[in-house]
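Trainee: Before anything else, here's the structure in question.
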Amino acid sequence: MDALVQLENVTKQYENGAAPAVANVSLAIAAGEAVSIMGPSGSGKSTLLNMIAGMDRPTRGAVRVGDERVDMLSETGVARFRRRQVGMIFQFFNLLDDMTVMDNILLPAQLAGARAVAGGPGQSSRAAARERAERLVETLRIGHRRDAYPARLSGGERQRVAIARALVNKPAVLLADEPTGAVDTATGEEIGELLLSLNRSGQTLILVTHNADLAARYSRRVISIADGRIASDTAVRL
Ligand SMILES: Nc1ncnc2c1ncn2[C@@H]1O[C@H](COP(=O)(O)OP(=O)(O)OP(=O)(O)O)[C@@H](O)[C@H]1O
Ligand SMILES: [Mg+2]
């Protein structure tokens, strides 16, 4: 398998933690996969995801995404990696309340553009980002809410804004940490469907969830972790 995401003997030991949060985990995820990571509270799911996203560094082992050794990047290297290669969505959306839907979505593109100033971002990349954002709000059915502020949106709408924001820079991999944890069941289903349809059109997806039903229905491979170790790694039968 040609891996897009690869962990080799990855261990994360927090300073005050007795046992490591993630213990000697190796795994490979190919481009185009939809993978769920399941496990009880405290088993290390978020820690694992955060190391793939470059938000947390392993104590030992190697994390690769595409051509990058994520665990070896400098601070600026990590910032660039996070803007370009990964999109992340969270349980509580993490939207900026004083920015409109459209401005929230465009924020990562603006950050990426601002950083590229050295090479001259040009109108074209900004226009391209705006065009992508327009397409995303249509696909995600939030176009009519483009000028609204997050406080006025439903939970499902907020999560769709967060998904659009995660996708605006065309990340190699979309990481979702309990994306349905703060919404009702019907909305959770809708978000699950949405993630699956993004995956069908090629988006690599790694989803952390407590919900076995969600994992089975909206991903194609389920990795269970317990006490920081992989307990099972199985293909979902359709
Ligand atoms: N920043 C931190 N500092 C110290 N310990 C941490 C930190 N983050 C997580 N831990 C510990 O690492 C272990 C794994 O935590 P993690 O957040 O990865 O679990 P999780 O599987 O995502 O749990 P949940 O389902 O509740 O979100 C836990 O014992 C937790 O207390
Ligand atoms: Mg967690």
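Ligands are numbered from 1 in the order shown, residues from 1 within each chain, and chains are lettered A, B, ... in the order they appear in the structure tokens.
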Using only C-alpha atoms, what does the table of segment 179-207 of chain A residues within 9 Å of segment 154-157 of chain A look like, with each row giving the shortest atom pair and its distance in Å to one decimal, sorted by chain and ascending number, as a tab-separated table?
Mentor:
residue	atom	partner	partner_atom	distance
A:Thr180	CA	A:Gly156	CA	8.8
A:Ala182	CA	A:Gly155	CA	7.4
A:Val183	CA	A:Gly155	CA	5.9
A:Asp184	CA	A:Gly155	CA	8.4
A:Thr187	CA	A:Gly156	CA	5.7
A:Gly188	CA	A:Gly156	CA	7.8
A:Glu190	CA	A:Gly156	CA	8.1
A:Ile191	CA	A:Gly156	CA	7.4
Trainee: If the limit is 9 Å from any atom of ligand 1, counting only C-alpha atoms and all ligand atoms, which residues qualify? Return them as a count of residues only.
Mentor: 34
Trainee: May I have all residues of segment 15-174 of chain A that DSSP, computed from the backbone, assigns to strand (DSSP E or B), given as a list in words?
Mentor: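 Matching residues for strand (DSSP E or B) in segment 15-174 of chain A are Val22, Ala23, Asn24, Val25, Ser26, Leu27, Ala28, Ile29, Ala30, Ala34, Val35, Ser36, Ile37, Met38, Arg60, Gly61, Ala62, Val63, Arg64, Val65, Glu68, Arg69, Val86, Gly87, Met88, Ile89, Phe90, Val173 and Leu174 of chain A.
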Trainee: Okay, now the selection with N, CA and C atoms, as a PDB file, in the first residue's frame?
Mentor:
ATOM      1  N   VAL A  22      -0.344   7.165  24.012  1.00  0.00           N
ATOM      2  CA  VAL A  22      -0.269   6.343  22.803  1.00  0.00           C
ATOM      3  C   VAL A  22       1.007   5.522  22.926  1.00  0.00           C
ATOM      4  N   ALA A  23       0.879   4.201  22.720  1.00  0.00           N
ATOM      5  CA  ALA A  23       2.001   3.314  23.013  1.00  0.00           C
ATOM      6  C   ALA A  23       2.391   2.486  21.794  1.00  0.00           C
ATOM      7  N   ASN A  24       3.483   2.878  21.166  1.00  0.00           N
ATOM      8  CA  ASN A  24       4.088   2.075  20.102  1.00  0.00           C
ATOM      9  C   ASN A  24       3.105   1.715  18.987  1.00  0.00           C
ATOM     10  N   VAL A  25       2.420   2.707  18.480  1.00  0.00           N
ATOM     11  CA  VAL A  25       1.433   2.476  17.430  1.00  0.00           C
ATOM     12  C   VAL A  25       2.064   2.607  16.047  1.00  0.00           C
ATOM     13  N   SER A  26       1.816   1.603  15.210  1.00  0.00           N
ATOM     14  CA  SER A  26       2.201   1.662  13.803  1.00  0.00           C
ATOM     15  C   SER A  26       0.955   1.465  12.969  1.00  0.00           C
ATOM     16  N   LEU A  27       0.771   2.328  11.969  1.00  0.00           N
ATOM     17  CA  LEU A  27      -0.362   2.129  11.084  1.00  0.00           C
ATOM     18  C   LEU A  27      -0.153   2.917   9.798  1.00  0.00           C
ATOM     19  N   ALA A  28      -0.818   2.466   8.741  1.00  0.00           N
ATOM     20  CA  ALA A  28      -0.693   3.136   7.456  1.00  0.00           C
ATOM     21  C   ALA A  28      -2.074   3.330   6.862  1.00  0.00           C
ATOM     22  N   ILE A  29      -2.312   4.512   6.339  1.00  0.00           N
ATOM     23  CA  ILE A  29      -3.597   4.837   5.724  1.00  0.00           C
ATOM     24  C   ILE A  29      -3.323   5.343   4.317  1.00  0.00           C
ATOM     25  N   ALA A  30      -3.985   4.727   3.346  1.00  0.00           N
ATOM     26  CA  ALA A  30      -3.748   5.093   1.945  1.00  0.00           C
ATOM     27  C   ALA A  30      -4.612   6.280   1.548  1.00  0.00           C
ATOM     28  N   ALA A  34     -11.397   5.898   4.075  1.00  0.00           N
ATOM     29  CA  ALA A  34     -12.232   6.503   5.119  1.00  0.00           C
ATOM     30  C   ALA A  34     -12.090   5.604   6.342  1.00  0.00           C
ATOM     31  N   VAL A  35     -11.380   6.098   7.351  1.00  0.00           N
ATOM     32  CA  VAL A  35     -11.019   5.284   8.505  1.00  0.00           C
ATOM     33  C   VAL A  35     -11.635   5.878   9.766  1.00  0.00           C
ATOM     34  N   SER A  36     -12.220   5.021  10.597  1.00  0.00           N
ATOM     35  CA  SER A  36     -12.663   5.464  11.920  1.00  0.00           C
ATOM     36  C   SER A  36     -11.695   4.987  12.975  1.00  0.00           C
ATOM     37  N   ILE A  37     -11.470   5.820  13.971  1.00  0.00           N
ATOM     38  CA  ILE A  37     -10.704   5.408  15.136  1.00  0.00           C
ATOM     39  C   ILE A  37     -11.659   5.411  16.312  1.00  0.00           C
ATOM     40  N   MET A  38     -11.826   4.225  16.921  1.00  0.00           N
ATOM     41  CA  MET A  38     -12.769   4.069  18.025  1.00  0.00           C
ATOM     42  C   MET A  38     -12.034   3.681  19.288  1.00  0.00           C
ATOM     43  N   ARG A  60       8.356   9.339  20.896  1.00  0.00           N
ATOM     44  CA  ARG A  60       9.193   8.476  20.056  1.00  0.00           C
ATOM     45  C   ARG A  60       8.410   8.090  18.805  1.00  0.00           C
ATOM     46  N   GLY A  61       9.146   7.722  17.755  1.00  0.00           N
ATOM     47  CA  GLY A  61       8.511   7.216  16.554  1.00  0.00           C
ATOM     48  C   GLY A  61       8.407   8.278  15.474  1.00  0.00           C
ATOM     49  N   ALA A  62       7.885   7.867  14.328  1.00  0.00           N
ATOM     50  CA  ALA A  62       7.818   8.737  13.154  1.00  0.00           C
ATOM     51  C   ALA A  62       6.384   8.885  12.675  1.00  0.00           C
ATOM     52  N   VAL A  63       6.011  10.130  12.312  1.00  0.00           N
ATOM     53  CA  VAL A  63       4.698  10.411  11.720  1.00  0.00           C
ATOM     54  C   VAL A  63       4.936  11.003  10.336  1.00  0.00           C
ATOM     55  N   ARG A  64       4.440  10.327   9.315  1.00  0.00           N
ATOM     56  CA  ARG A  64       4.587  10.831   7.951  1.00  0.00           C
ATOM     57  C   ARG A  64       3.219  11.113   7.353  1.00  0.00           C
ATOM     58  N   VAL A  65       3.101  12.267   6.704  1.00  0.00           N
ATOM     59  CA  VAL A  65       1.911  12.559   5.891  1.00  0.00           C
ATOM     60  C   VAL A  65       2.431  13.010   4.540  1.00  0.00           C
ATOM     61  N   GLU A  68       6.092  14.440   4.085  1.00  0.00           N
ATOM     62  CA  GLU A  68       6.594  15.170   5.239  1.00  0.00           C
ATOM     63  C   GLU A  68       6.760  14.278   6.460  1.00  0.00           C
ATOM     64  N   ARG A  69       7.881  14.455   7.151  1.00  0.00           N
ATOM     65  CA  ARG A  69       8.049  13.873   8.481  1.00  0.00           C
ATOM     66  C   ARG A  69       7.482  14.895   9.450  1.00  0.00           C
ATOM     67  N   VAL A  86      -3.609  19.440   6.062  1.00  0.00           N
ATOM     68  CA  VAL A  86      -4.668  18.844   6.874  1.00  0.00           C
ATOM     69  C   VAL A  86      -5.823  19.829   7.101  1.00  0.00           C
ATOM     70  N   GLY A  87      -7.019  19.272   7.111  1.00  0.00           N
ATOM     71  CA  GLY A  87      -8.195  20.014   7.539  1.00  0.00           C
ATOM     72  C   GLY A  87      -8.686  19.322   8.794  1.00  0.00           C
ATOM     73  N   MET A  88      -9.112  20.101   9.774  1.00  0.00           N
ATOM     74  CA  MET A  88      -9.517  19.467  11.034  1.00  0.00           C
ATOM     75  C   MET A  88     -10.874  19.991  11.466  1.00  0.00           C
ATOM     76  N   ILE A  89     -11.744  19.087  11.900  1.00  0.00           N
ATOM     77  CA  ILE A  89     -13.007  19.511  12.490  1.00  0.00           C
ATOM     78  C   ILE A  89     -13.164  18.880  13.873  1.00  0.00           C
ATOM     79  N   PHE A  90     -13.875  19.597  14.736  1.00  0.00           N
ATOM     80  CA  PHE A  90     -13.932  19.238  16.151  1.00  0.00           C
ATOM     81  C   PHE A  90     -15.378  19.092  16.610  1.00  0.00           C
ATOM     82  N   VAL A 173      -5.665  15.392   3.749  1.00  0.00           N
ATOM     83  CA  VAL A 173      -6.438  14.544   4.662  1.00  0.00           C
ATOM     84  C   VAL A 173      -7.346  15.398   5.554  1.00  0.00           C
ATOM     85  N   LEU A 174      -8.575  14.905   5.718  1.00  0.00           N
ATOM     86  CA  LEU A 174      -9.547  15.563   6.603  1.00  0.00           C
ATOM     87  C   LEU A 174      -9.618  14.767   7.901  1.00  0.00           C
TER      88      LEU A 174
END
Trainee: Mind checking which residues fall within 9 Å of Thr100 of chain A, counting only C-alpha atoms, ignoring those fewer than 5 positions away in the same chain, and posting them as a ChimeraX atom specification?
Mentor: /A:105,145-150
Trainee: Now that the selection is made, can you save its residues with C-alpha atoms as a PDB file, in the first residue's frame?
Mentor:
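What follows is the written file selection_21.pdb:
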ATOM      1  CA  ILE A 105     -14.510  29.553   5.795  1.00  0.00           C
ATOM      2  CA  ARG A 145     -26.243  31.476   5.533  1.00  0.00           C
ATOM      3  CA  ARG A 146     -23.023  32.932   4.090  1.00  0.00           C
ATOM      4  CA  ASP A 147     -23.434  36.322   5.837  1.00  0.00           C
ATOM      5  CA  ALA A 148     -24.781  34.988   9.130  1.00  0.00           C
ATOM      6  CA  TYR A 149     -22.766  34.786  12.349  1.00  0.00           C
ATOM      7  CA  PRO A 150     -22.176  31.350  13.900  1.00  0.00           C
TER       8      PRO A 150
END
Trainee: Need to verify the contact set: Ala216 of chain A, 10 Å, only C-alpha atoms, exclusion of same-chain residues closer than 5 positions in sequence. Can you return it as a compact mmCIF listing (two decimals) with C-alpha atoms, in the first residue's frame?
Mentor:
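Output file selection00.txt is given in full below:
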# COMPACT_ATOMS: atom_id res chain seq x y z
CA VAL A 35 -11.02 5.28 8.51
CA SER A 36 -12.66 5.46 11.92
CA ASN A 211 -20.15 5.72 18.16
CA ARG A 221 -12.15 0.62 8.03
CA VAL A 222 -12.37 0.70 11.80
CA ALA A 235 -12.42 -3.54 7.08
CA VAL A 236 -16.11 -2.65 7.20
CA ARG A 237 -18.24 -5.05 5.21
CA LEU A 238 -20.73 -3.33 3.00
Trainee: Mind giving me the straight-line distance from atom CA of Arg130 of chain A to atom CA of Met55 of chain A in Å, one decimal?
Mentor: 26.6 Å
Trainee: What is the distance between atom CA of Pro108 of chain A and atom CA of Leu95 of chain A, in Å to one decimal?
Mentor: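 Atom-to-atom, atom CA of Pro108 of chain A to atom CA of Leu95 of chain A, that is 11.8 Å.
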Trainee: Please compute the atom CA of Ser219 of chain A-atom CA of Arg82 of chain A distance, one decimal, in Å.
Mentor: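 Answer for the atom CA of Ser219 of chain A to atom CA of Arg82 of chain A separation: 23.3 Å.
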Trainee: Using only C-alpha atoms and all ligand atoms for the distances, tell me which of A:Ala176, A:Ile223, A:Met72, A:Leu106 is nearest to ligand 2.
Mentor: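 Looking at the shortest contact to ligand 2, the residue is A:Ala176.
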Trainee: Can you list every residue in segment 157-206 of chain A that DSSP puts in alpha helix (DSSP H), as a list of chain:residue names?
Mentor: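 For segment 157-206 of chain A, the alpha helix (DSSP H) set is A:Glu157, A:Arg158, A:Gln159, A:Arg160, A:Val161, A:Ala162, A:Ile163, A:Ala164, A:Arg165, A:Ala166, A:Leu167, A:Thr185, A:Ala186, A:Thr187, A:Gly188, A:Glu189, A:Glu190, A:Ile191, A:Gly192, A:Glu193, A:Leu194, A:Leu195, A:Leu196, A:Ser197, A:Leu198, A:Asn199, A:Arg200.
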Trainee: Looking at A:Pro58, A:Val70, A:Glu33, A:Leu207, which one is nearest to ligand 2, with distances taken over only C-alpha atoms and all ligand atoms?
Mentor: A:Leu207
Trainee: For segment 131-142 of chain A, find every residue with an atom within 12 Å (counting only C-alpha atoms), except residues of its own chain fewer than 6 positions away, and show them as a short mmCIF file (atom, residue, chain, number, x, y, z; two decimals) with all heavy atoms, in the first residue's frame.
Mentor:
data_model
loop_
_atom_site.label_atom_id
_atom_site.label_comp_id
_atom_site.auth_asym_id
_atom_site.auth_seq_id
_atom_site.Cartn_x
_atom_site.Cartn_y
_atom_site.Cartn_z
N THR A 100 -18.36 36.28 9.96
CA THR A 100 -19.47 35.64 9.27
C THR A 100 -19.07 34.24 8.82
O THR A 100 -17.89 33.87 8.86
CB THR A 100 -19.86 36.43 7.99
OG1 THR A 100 -18.76 36.38 7.09
CG2 THR A 100 -20.23 37.87 8.31
N VAL A 101 -20.07 33.49 8.39
CA VAL A 101 -19.86 32.14 7.85
C VAL A 101 -18.77 32.18 6.78
O VAL A 101 -17.80 31.43 6.81
CB VAL A 101 -21.19 31.60 7.28
CG1 VAL A 101 -20.97 30.46 6.31
CG2 VAL A 101 -22.11 31.18 8.43
N MET A 102 -18.93 33.07 5.80
CA MET A 102 -17.99 33.12 4.67
C MET A 102 -16.58 33.47 5.15
O MET A 102 -15.60 32.88 4.70
CB MET A 102 -18.50 34.13 3.63
CG MET A 102 -18.01 33.86 2.24
SD MET A 102 -18.20 32.11 1.81
CE MET A 102 -18.19 32.13 0.08
N ASP A 103 -16.48 34.42 6.07
CA ASP A 103 -15.15 34.81 6.56
C ASP A 103 -14.50 33.70 7.37
O ASP A 103 -13.28 33.51 7.31
CB ASP A 103 -15.24 36.11 7.36
CG ASP A 103 -15.50 37.30 6.45
OD1 ASP A 103 -15.24 37.18 5.23
OD2 ASP A 103 -15.98 38.34 6.95
N ASN A 104 -15.31 32.97 8.14
CA ASN A 104 -14.77 31.80 8.84
C ASN A 104 -14.19 30.80 7.85
O ASN A 104 -13.10 30.28 8.05
CB ASN A 104 -15.88 31.11 9.65
CG ASN A 104 -15.91 31.54 11.11
OD1 ASN A 104 -15.10 31.10 11.91
ND2 ASN A 104 -16.85 32.42 11.44
N ILE A 105 -14.94 30.55 6.78
CA ILE A 105 -14.51 29.55 5.80
C ILE A 105 -13.23 30.00 5.08
O ILE A 105 -12.34 29.20 4.81
CB ILE A 105 -15.64 29.27 4.78
CG1 ILE A 105 -16.82 28.60 5.50
CG2 ILE A 105 -15.14 28.41 3.63
CD1 ILE A 105 -18.08 28.49 4.65
N LEU A 106 -13.15 31.30 4.80
CA LEU A 106 -12.01 31.81 4.04
C LEU A 106 -10.75 32.01 4.89
O LEU A 106 -9.66 32.21 4.36
CB LEU A 106 -12.38 33.14 3.36
CG LEU A 106 -13.22 32.96 2.10
CD1 LEU A 106 -13.80 34.30 1.66
CD2 LEU A 106 -12.40 32.34 0.97
N LEU A 107 -10.92 31.95 6.21
CA LEU A 107 -9.79 32.26 7.09
C LEU A 107 -8.52 31.43 6.80
O LEU A 107 -7.44 32.00 6.64
CB LEU A 107 -10.22 32.11 8.55
CG LEU A 107 -9.22 32.60 9.60
CD1 LEU A 107 -8.97 34.10 9.43
CD2 LEU A 107 -9.74 32.31 11.00
N PRO A 108 -8.63 30.11 6.70
CA PRO A 108 -7.40 29.33 6.42
C PRO A 108 -6.78 29.71 5.08
O PRO A 108 -5.55 29.70 4.95
CB PRO A 108 -7.89 27.88 6.39
CG PRO A 108 -9.20 27.89 7.10
CD PRO A 108 -9.80 29.23 6.86
N ALA A 109 -7.62 30.03 4.10
CA ALA A 109 -7.09 30.42 2.79
C ALA A 109 -6.36 31.74 2.91
O ALA A 109 -5.30 31.95 2.31
CB ALA A 109 -8.23 30.52 1.78
N GLN A 110 -6.93 32.64 3.73
CA GLN A 110 -6.29 33.94 3.92
C GLN A 110 -4.96 33.78 4.64
O GLN A 110 -3.98 34.41 4.27
CB GLN A 110 -7.20 34.87 4.70
CG GLN A 110 -7.86 35.88 3.79
CD GLN A 110 -9.19 36.34 4.31
OE1 GLN A 110 -9.56 36.05 5.44
NE2 GLN A 110 -9.91 37.05 3.48
N SER A 124 -4.95 35.89 -8.00
CA SER A 124 -5.48 34.64 -8.53
C SER A 124 -5.73 33.61 -7.43
O SER A 124 -6.78 32.99 -7.42
CB SER A 124 -4.53 34.07 -9.57
OG SER A 124 -3.28 33.84 -8.98
N SER A 125 -4.79 33.48 -6.48
CA SER A 125 -4.99 32.46 -5.45
C SER A 125 -6.14 32.87 -4.53
O SER A 125 -6.89 32.04 -4.06
CB SER A 125 -3.70 32.23 -4.66
OG SER A 125 -3.46 33.33 -3.80
N ALA A 148 -24.34 35.12 7.73
CA ALA A 148 -24.78 34.99 9.13
C ALA A 148 -23.58 34.80 10.05
O ALA A 148 -22.48 34.45 9.60
CB ALA A 148 -25.72 33.79 9.25
N PRO A 150 -22.00 32.71 13.40
CA PRO A 150 -22.18 31.35 13.90
C PRO A 150 -23.21 31.21 15.02
O PRO A 150 -23.92 30.21 15.08
CB PRO A 150 -20.77 30.99 14.40
CG PRO A 150 -19.85 31.78 13.52
CD PRO A 150 -20.57 33.08 13.27
N LEU A 153 -26.63 30.05 14.01
CA LEU A 153 -26.78 28.82 13.24
C LEU A 153 -27.14 27.64 14.12
O LEU A 153 -26.83 27.62 15.31
CB LEU A 153 -25.47 28.49 12.50
CG LEU A 153 -24.89 29.56 11.59
CD1 LEU A 153 -23.60 29.04 10.95
CD2 LEU A 153 -25.89 29.96 10.51
N SER A 154 -27.75 26.63 13.51
CA SER A 154 -28.01 25.38 14.22
C SER A 154 -26.69 24.61 14.34
O SER A 154 -25.71 24.93 13.65
CB SER A 154 -29.01 24.54 13.45
OG SER A 154 -28.41 24.03 12.27
N GLY A 156 -25.98 21.64 13.28
CA GLY A 156 -25.65 21.02 12.01
C GLY A 156 -25.05 22.02 11.02
O GLY A 156 -24.10 21.71 10.30
N GLU A 157 -25.65 23.22 11.01
CA GLU A 157 -25.12 24.27 10.13
C GLU A 157 -23.71 24.67 10.55
O GLU A 157 -22.82 24.83 9.71
CB GLU A 157 -26.04 25.49 10.14
CG GLU A 157 -27.34 25.28 9.40
CD GLU A 157 -28.32 26.43 9.58
OE1 GLU A 157 -28.25 27.14 10.61
OE2 GLU A 157 -29.19 26.60 8.70
N ARG A 158 -23.50 24.79 11.85
CA ARG A 158 -22.16 25.15 12.33
C ARG A 158 -21.12 24.11 11.92
O ARG A 158 -20.02 24.44 11.51
CB ARG A 158 -22.14 25.26 13.86
CG ARG A 158 -22.79 26.51 14.35
CD ARG A 158 -22.72 26.60 15.85
NE ARG A 158 -23.90 27.29 16.32
CZ ARG A 158 -24.09 27.68 17.57
NH1 ARG A 158 -23.20 27.42 18.48
NH2 ARG A 158 -25.19 28.32 17.90
N GLN A 159 -21.51 22.83 12.05
CA GLN A 159 -20.54 21.81 11.69
C GLN A 159 -20.28 21.82 10.19
O GLN A 159 -19.16 21.58 9.76
CB GLN A 159 -21.00 20.42 12.19
CG GLN A 159 -19.90 19.36 12.26
CD GLN A 159 -18.70 19.77 13.09
OE1 GLN A 159 -18.00 20.75 12.78
NE2 GLN A 159 -18.45 19.06 14.18
N ARG A 160 -21.29 22.16 9.38
CA ARG A 160 -21.06 22.23 7.94
C ARG A 160 -20.13 23.40 7.60
O ARG A 160 -19.31 23.30 6.69
CB ARG A 160 -22.39 22.32 7.19
CG ARG A 160 -23.26 21.08 7.43
CD ARG A 160 -24.16 20.78 6.28
NE ARG A 160 -25.19 21.77 6.05
CZ ARG A 160 -26.37 21.82 6.67
NH1 ARG A 160 -26.68 20.91 7.58
NH2 ARG A 160 -27.25 22.75 6.39
N VAL A 161 -20.25 24.50 8.35
CA VAL A 161 -19.32 25.62 8.16
C VAL A 161 -17.90 25.16 8.51
O VAL A 161 -16.93 25.43 7.79
CB VAL A 161 -19.71 26.85 9.02
CG1 VAL A 161 -18.67 27.96 8.90
CG2 VAL A 161 -21.09 27.36 8.64
N ALA A 162 -17.79 24.43 9.62
CA ALA A 162 -16.47 23.95 10.05
C ALA A 162 -15.87 23.00 9.00
O ALA A 162 -14.67 23.02 8.75
CB ALA A 162 -16.58 23.25 11.40
N ILE A 163 -16.73 22.19 8.38
CA ILE A 163 -16.26 21.28 7.34
C ILE A 163 -15.78 22.08 6.12
O ILE A 163 -14.71 21.80 5.57
CB ILE A 163 -17.35 20.25 6.96
CG1 ILE A 163 -17.62 19.31 8.15
CG2 ILE A 163 -16.93 19.45 5.73
CD1 ILE A 163 -18.84 18.40 7.98
N ALA A 164 -16.55 23.07 5.74
CA ALA A 164 -16.14 23.92 4.60
C ALA A 164 -14.80 24.59 4.90
O ALA A 164 -13.91 24.64 4.05
CB ALA A 164 -17.21 24.97 4.30
N ARG A 165 -14.67 25.10 6.10
CA ARG A 165 -13.41 25.76 6.49
C ARG A 165 -12.24 24.77 6.44
O ARG A 165 -11.15 25.09 5.99
CB ARG A 165 -13.53 26.35 7.90
CG ARG A 165 -12.27 27.08 8.35
CD ARG A 165 -12.41 27.59 9.76
NE ARG A 165 -12.69 26.49 10.69
CZ ARG A 165 -12.84 26.65 11.99
NH1 ARG A 165 -12.76 27.84 12.52
NH2 ARG A 165 -13.10 25.62 12.76
N ALA A 166 -12.50 23.52 6.88
CA ALA A 166 -11.44 22.52 6.87
C ALA A 166 -11.02 22.15 5.45
O ALA A 166 -9.90 21.70 5.22
CB ALA A 166 -11.90 21.27 7.62
N LEU A 167 -11.94 22.34 4.48
CA LEU A 167 -11.67 21.88 3.12
C LEU A 167 -11.18 22.98 2.19
O LEU A 167 -10.75 22.69 1.07
CB LEU A 167 -12.94 21.26 2.51
CG LEU A 167 -13.42 19.96 3.16
CD1 LEU A 167 -14.75 19.53 2.55
CD2 LEU A 167 -12.38 18.85 2.99
N VAL A 168 -11.21 24.24 2.64
CA VAL A 168 -10.99 25.34 1.70
C VAL A 168 -9.58 25.33 1.11
O VAL A 168 -9.38 25.74 -0.03
CB VAL A 168 -11.35 26.71 2.35
CG1 VAL A 168 -10.28 27.17 3.33
CG2 VAL A 168 -11.60 27.76 1.28
N ASN A 169 -8.61 24.81 1.84
CA ASN A 169 -7.25 24.74 1.30
C ASN A 169 -6.94 23.41 0.61
O ASN A 169 -5.79 23.09 0.39
CB ASN A 169 -6.21 25.01 2.40
CG ASN A 169 -6.14 26.48 2.77
OD1 ASN A 169 -6.61 27.33 2.03
ND2 ASN A 169 -5.54 26.78 3.92
N LYS A 170 -7.98 22.65 0.30
CA LYS A 170 -7.82 21.35 -0.36
C LYS A 170 -6.80 20.46 0.35
O LYS A 170 -5.77 20.09 -0.21
CB LYS A 170 -7.40 21.56 -1.81
CG LYS A 170 -8.48 22.23 -2.65
CD LYS A 170 -8.21 22.10 -4.13
CE LYS A 170 -7.11 23.05 -4.55
NZ LYS A 170 -6.93 23.08 -6.01
N GLU A 190 -26.64 13.14 9.23
CA GLU A 190 -26.46 14.03 8.08
C GLU A 190 -24.97 14.34 7.90
O GLU A 190 -24.45 14.32 6.78
CB GLU A 190 -27.24 15.31 8.37
CG GLU A 190 -27.62 16.12 7.18
CD GLU A 190 -28.40 17.34 7.65
OE1 GLU A 190 -29.45 17.17 8.32
OE2 GLU A 190 -27.94 18.45 7.39
N ILE A 191 -24.30 14.59 9.00
CA ILE A 191 -22.87 14.90 8.93
C ILE A 191 -22.08 13.65 8.51
O ILE A 191 -21.17 13.73 7.69
CB ILE A 191 -22.37 15.48 10.28
CG1 ILE A 191 -22.93 16.90 10.43
CG2 ILE A 191 -20.84 15.49 10.35
CD1 ILE A 191 -22.84 17.46 11.80
N GLU A 193 -23.22 11.24 6.57
CA GLU A 193 -23.47 11.11 5.13
C GLU A 193 -22.58 12.06 4.33
O GLU A 193 -22.03 11.70 3.29
CB GLU A 193 -24.93 11.46 4.80
CG GLU A 193 -25.96 10.43 5.21
CD GLU A 193 -25.90 9.17 4.37
OE1 GLU A 193 -25.20 9.17 3.34
OE2 GLU A 193 -26.54 8.18 4.77
N LEU A 194 -22.49 13.27 4.85
CA LEU A 194 -21.71 14.30 4.18
C LEU A 194 -20.23 13.91 4.11
O LEU A 194 -19.59 14.00 3.05
CB LEU A 194 -21.88 15.58 4.98
CG LEU A 194 -21.36 16.85 4.38
CD1 LEU A 194 -22.00 17.08 3.03
CD2 LEU A 194 -21.70 18.00 5.32
N LEU A 195 -19.70 13.42 5.22
CA LEU A 195 -18.30 13.01 5.25
C LEU A 195 -18.07 11.86 4.29
O LEU A 195 -17.08 11.82 3.56
CB LEU A 195 -17.89 12.62 6.68
CG LEU A 195 -17.87 13.77 7.69
CD1 LEU A 195 -17.56 13.26 9.09
CD2 LEU A 195 -16.86 14.86 7.29
N SER A 197 -19.80 11.18 1.61
CA SER A 197 -19.88 11.60 0.21
C SER A 197 -18.61 12.37 -0.19
O SER A 197 -18.16 12.27 -1.32
CB SER A 197 -21.17 12.37 -0.08
OG SER A 197 -21.01 13.71 0.29
N LEU A 198 -18.03 13.10 0.75
CA LEU A 198 -16.73 13.74 0.47
C LEU A 198 -15.69 12.67 0.18
O LEU A 198 -14.88 12.80 -0.74
CB LEU A 198 -16.28 14.59 1.66
CG LEU A 198 -17.06 15.87 1.92
CD1 LEU A 198 -16.69 16.45 3.28
CD2 LEU A 198 -16.80 16.89 0.82
#
Trainee: For ligand 2, which residue out of A:Pro179, A:Arg126, A:Pro171, A:Thr234 is the nearest one, using only C-alpha atoms and all ligand atoms?
Mentor: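 Closest to ligand 2 of all the choices is A:Pro179.
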Trainee: Identify which of the residues A:Leu4, A:Thr76, A:Ser201, A:Gly32 lies closest to Arg220 of chain A, counting only C-alpha atoms when measuring atom-to-atom distances.
Mentor: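 Among the listed residues, the smallest separation from Arg220 of chain A belongs to A:Gly32.
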Trainee: Write out as a ChimeraX atom specification the residues lying within 9 Å of Gly66 of chain A, counting only C-alpha atoms and excluding same-chain residues fewer than 4 positions away.
Mentor: /A:3-6,85,172
Trainee: Which residue out of A:Thr204, A:Thr11, A:Gln91, A:Thr185 has the minimum interatomic distance to ligand 2 when only C-alpha atoms and all ligand atoms are used?
Mentor: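 Residue with the minimum atom-to-atom distance to ligand 2: A:Gln91.
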Trainee: Of the residues A:Asp98, A:Ser232, A:Ala112, A:Asp71, which is the one nearest to Arg84 of chain A, using only C-alpha atoms?
Mentor: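 Using only C-alpha atoms, the shortest distance to Arg84 of chain A belongs to A:Ala112.
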